[in-house]
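Novice: My questions all concern the structure below.
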Amino acid sequence: MTRPKALVAGNWKMNGLKGAVDEIIKLNDLVGRSDAKCDVLICPPVTLIGSIIQLNLKHVSIGAQDCHVKSIGAHTGDVSAEMLKDLGCTHIIIGHSERRVGHGENNVIVNKKASQAQKFGTTAIICVGETIDEYEAGKTLEVIVSQVKSSIPSNAIVENTIIAYEPLWAIGSGKVPTVGGVEEVHTSISKVLVERFGSEGAKINILYGGSVNASNAHALMSTVNVNGALVGGASLKADDFFNIISVYDQVD
């Protein structure tokens, strides 16, 4: 089994005006001088995607944070995966907890959005994660396995699918599961992928997200079946994000 290179992805969420593009330019320069051992992705707000892609950055890929379930039509304010691909996006985050909770997106909707991302040649980063109530009730694995089984389209392959485990209670809270807890969840996800997709499933990368920072990144990224990170606030500044990316110089 050979997985692709690990991915460290930054999700800027609803942050960043035009001047923030300078941080991505700086990040590109830092990565270019570092011989980074992982791939690097930034998913800025959609308002910045076009101008960033026109810069033709060599060391940082650009993705989007969401797409619609349809490719065209009367959907005011929405953006399709085809449009994002046309801009030059390589990845689309699908089913982030803030979409699941704040916009009522269930596994069926996540599956449809992921199918759109895959259909138009982008990689779907499909997010799964449990709430604090589910965590405290000992239902983490039950919830995660159900989400993985229901959210991933049947045509998932290593080129079009990445899974991101983000416990809802860890996002932006500063709280992080134990390394053992992360390993248990990621191993369970990997098992489901192999059961469903065979050897192809064994190659699909599984990212960890939720309060990732430079101080905890090495422990998390060294964990079994953790193949990168989905980073929130710590990705907004080039220096902070590069400190996380640099961890891969130390990970075997």
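Residue numbering restarts at 1 for every chain of the structure tokens, chains are lettered A, B, ... in their displayed order, and ligands are numbered from 1 as they appear.
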What's around segment 18-25 of chain A at 7 Å? Count only C-alpha atoms, leave out sequence neighbours fewer than 4 positions away in its own chain, and write the answer as a PDB file with C-alpha atoms, in the first residue's frame.
Specialist:
```pdb
ATOM      1  CA  ASP A  29       7.796  31.474  -0.657  1.00  0.00           C
ATOM      2  CA  LEU A  48     -10.273  35.546  -2.982  1.00  0.00           C
ATOM      3  CA  ILE A  52      -4.976  33.999  -5.792  1.00  0.00           C
ATOM      4  CA  LYS A 237      -0.763  33.642   9.178  1.00  0.00           C
ATOM      5  CA  ALA A 238       2.000  32.267   6.971  1.00  0.00           C
TER       6      ALA A 238
END
```
Novice: Hey, could you make a per-residue contact list for segment 136-194 of chain A against segment 73-96 of chain A with 10 Å as the cut-off, showing the nearest pair of atoms and its distance in Å to one decimal, counting only C-alpha atoms, sorted by chain and number, as a Markdown table?
Specialist:
```
| residue | atom | partner | partner_atom | distance |
| --- | --- | --- | --- | --- |
| A:Ser151 | CA | A:Gly95 | CA | 8.4 |
| A:Asn160 | CA | A:His91 | CA | 8.5 |
| A:Thr161 | CA | A:His91 | CA | 9.2 |
| A:Ile162 | CA | A:Ile93 | CA | 9.3 |
| A:Ile163 | CA | A:Ile94 | CA | 9.5 |
| A:Ala164 | CA | A:His96 | CA | 8.8 |
| A:Tyr165 | CA | A:His96 | CA | 9.6 |
| A:Glu166 | CA | A:His96 | CA | 8.3 |
| A:Leu168 | CA | A:His96 | CA | 9.5 |
```
Novice: Any idea what's packed within 9 Å of Glu200 of chain A, counting only C-alpha atoms, ignoring anything in its chain fewer than 2 positions away? Could you give it as a PyMOL selection string?
Specialist: chain A and resi 1+156-158+193-194+197-198+202-204
Novice: Atom CA of Ser246 of chain A and atom CA of Ala214 of chain A, how far apart in Å?
Specialist: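 Spanning atom CA of Ala214 of chain A to atom CA of Ser246 of chain A is a straight-line distance of 8.9 Å.
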Novice: Which residues are close to Val185 of chain A, i.e. within 12 Å by only C-alpha atoms, leaving aside same-chain residues fewer than 3 positions away? Reply as an MDAnalysis selection string.
Specialist: chainID A and resid 128:130 135 139:145 148 163:167 177:182 188:192 206:208 223:226
Novice: Would you mind listing what lies within 10 Å of Val108 of chain A as a VMD selection string, with only C-alpha atoms counted and same-chain residues fewer than 5 positions away left out?
Specialist: chain A and resid 113 to 114 147 150 to 153
Novice: Check the DSSP output for the backbone and give back, as a list of chain:residue names, the residues of segment 11-192 of chain A in strand (DSSP E).
Specialist: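 Taking segment 11-192 of chain A and keeping strand (DSSP E) only, one gets A:Asn11, A:Asp39, A:Val40, A:Leu41, A:Ile42, A:Cys43, A:Ser61, A:Ile62, A:His91, A:Ile92, A:Ile93, A:Ile94, A:Thr123, A:Ala124, A:Ile125, A:Ile126, A:Cys127, A:Val128, A:Thr161, A:Ile162, A:Ile163, A:Ala164, A:Tyr165.
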Novice: Go ahead and dump the residues you just picked, C-alpha atoms, as a PDB file, in the first residue's frame.
Specialist:
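Result file again.pdb:
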```pdb
ATOM      1  CA  ASN A  11      -9.325  26.343   6.066  1.00  0.00           C
ATOM      2  CA  ASP A  39       1.595  18.938   0.067  1.00  0.00           C
ATOM      3  CA  VAL A  40       0.160  22.308   1.095  1.00  0.00           C
ATOM      4  CA  LEU A  41      -3.354  23.597   0.441  1.00  0.00           C
ATOM      5  CA  ILE A  42      -5.182  26.791   1.379  1.00  0.00           C
ATOM      6  CA  CYS A  43      -8.973  27.084   1.152  1.00  0.00           C
ATOM      7  CA  SER A  61      -2.590  24.639  -4.030  1.00  0.00           C
ATOM      8  CA  ILE A  62      -5.882  26.487  -3.695  1.00  0.00           C
ATOM      9  CA  HIS A  91      -9.852  20.533  -3.654  1.00  0.00           C
ATOM     10  CA  ILE A  92     -13.235  21.286  -2.058  1.00  0.00           C
ATOM     11  CA  ILE A  93     -13.990  20.862   1.632  1.00  0.00           C
ATOM     12  CA  ILE A  94     -17.286  19.016   1.989  1.00  0.00           C
ATOM     13  CA  THR A 123     -10.669  16.209  -4.652  1.00  0.00           C
ATOM     14  CA  ALA A 124     -13.413  16.138  -2.031  1.00  0.00           C
ATOM     15  CA  ILE A 125     -12.134  16.596   1.526  1.00  0.00           C
ATOM     16  CA  ILE A 126     -15.037  14.935   3.327  1.00  0.00           C
ATOM     17  CA  CYS A 127     -15.302  15.951   6.985  1.00  0.00           C
ATOM     18  CA  VAL A 128     -16.644  13.788   9.799  1.00  0.00           C
ATOM     19  CA  THR A 161     -11.227  11.640  -1.951  1.00  0.00           C
ATOM     20  CA  ILE A 162      -9.674  12.637   1.367  1.00  0.00           C
ATOM     21  CA  ILE A 163     -11.284  12.171   4.773  1.00  0.00           C
ATOM     22  CA  ALA A 164     -10.862  14.714   7.570  1.00  0.00           C
ATOM     23  CA  TYR A 165     -11.705  13.785  11.159  1.00  0.00           C
TER      24      TYR A 165
END
```
Novice: If you count only C-alpha atoms, which residues fall within 9 Å of Gly210 of chain A, apart from same-chain ones fewer than 4 positions away, as a ChimeraX atom specification?
Specialist: /A:165-177,229-232
Novice: Restricting the output to C-alpha atoms, write the selected residues as a PDB file, in the first residue's frame.
Specialist:
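part39.pdb, written as the output of this step:
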```
ATOM      1  CA  TYR A 165     -11.705  13.785  11.159  1.00  0.00           C
ATOM      2  CA  GLU A 166     -12.631  16.868  13.159  1.00  0.00           C
ATOM      3  CA  PRO A 167     -14.262  16.321  16.561  1.00  0.00           C
ATOM      4  CA  LEU A 168     -16.713  19.211  16.885  1.00  0.00           C
ATOM      5  CA  TRP A 169     -15.737  19.837  20.486  1.00  0.00           C
ATOM      6  CA  ALA A 170     -12.095  20.393  19.490  1.00  0.00           C
ATOM      7  CA  ILE A 171     -12.657  22.940  16.710  1.00  0.00           C
ATOM      8  CA  GLY A 172     -11.464  26.348  17.861  1.00  0.00           C
ATOM      9  CA  SER A 173     -11.626  25.304  21.513  1.00  0.00           C
ATOM     10  CA  GLY A 174      -7.973  24.564  22.138  1.00  0.00           C
ATOM     11  CA  LYS A 175      -8.996  21.071  23.263  1.00  0.00           C
ATOM     12  CA  VAL A 176      -7.506  18.103  21.438  1.00  0.00           C
ATOM     13  CA  PRO A 177      -8.247  14.372  21.828  1.00  0.00           C
ATOM     14  CA  ALA A 229      -3.994  18.047   9.004  1.00  0.00           C
ATOM     15  CA  LEU A 230      -6.943  20.329   8.332  1.00  0.00           C
ATOM     16  CA  VAL A 231      -6.029  23.534  10.134  1.00  0.00           C
ATOM     17  CA  GLY A 232      -8.299  26.447  10.968  1.00  0.00           C
TER      18      GLY A 232
END
```
Novice: Quick one, how far is atom CA of Ser215 of chain A from atom CA of Thr187 of chain A?
Specialist: 23.3 Å
Novice: What's the 9 Å shell around Gln116 of chain A, counting only C-alpha atoms, without same-chain residues fewer than 4 positions away, as a ChimeraX atom specification?
Specialist: /A:67-71,80-82,111-112,120-122,124
Novice: Could you tell me how far atom CA of Tyr248 of chain A lies from atom CA of Arg33 of chain A, in Å and to one decimal?
Specialist: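 Separation between atom CA of Tyr248 of chain A and atom CA of Arg33 of chain A: 14.5 Å.
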Novice: Would you give me, as a count of residues only, the residues in segment 67-161 of chain A that DSSP reads as helix (DSSP H, G or I)?
Specialist: 43
Novice: Would you mind telling me which residue in A:Arg196, A:Arg100, A:His59, A:His218 lies nearest to Asp35 of chain A when using only C-alpha atoms?
Specialist: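 Among the listed residues, A:His59 lies closest to Asp35 of chain A.
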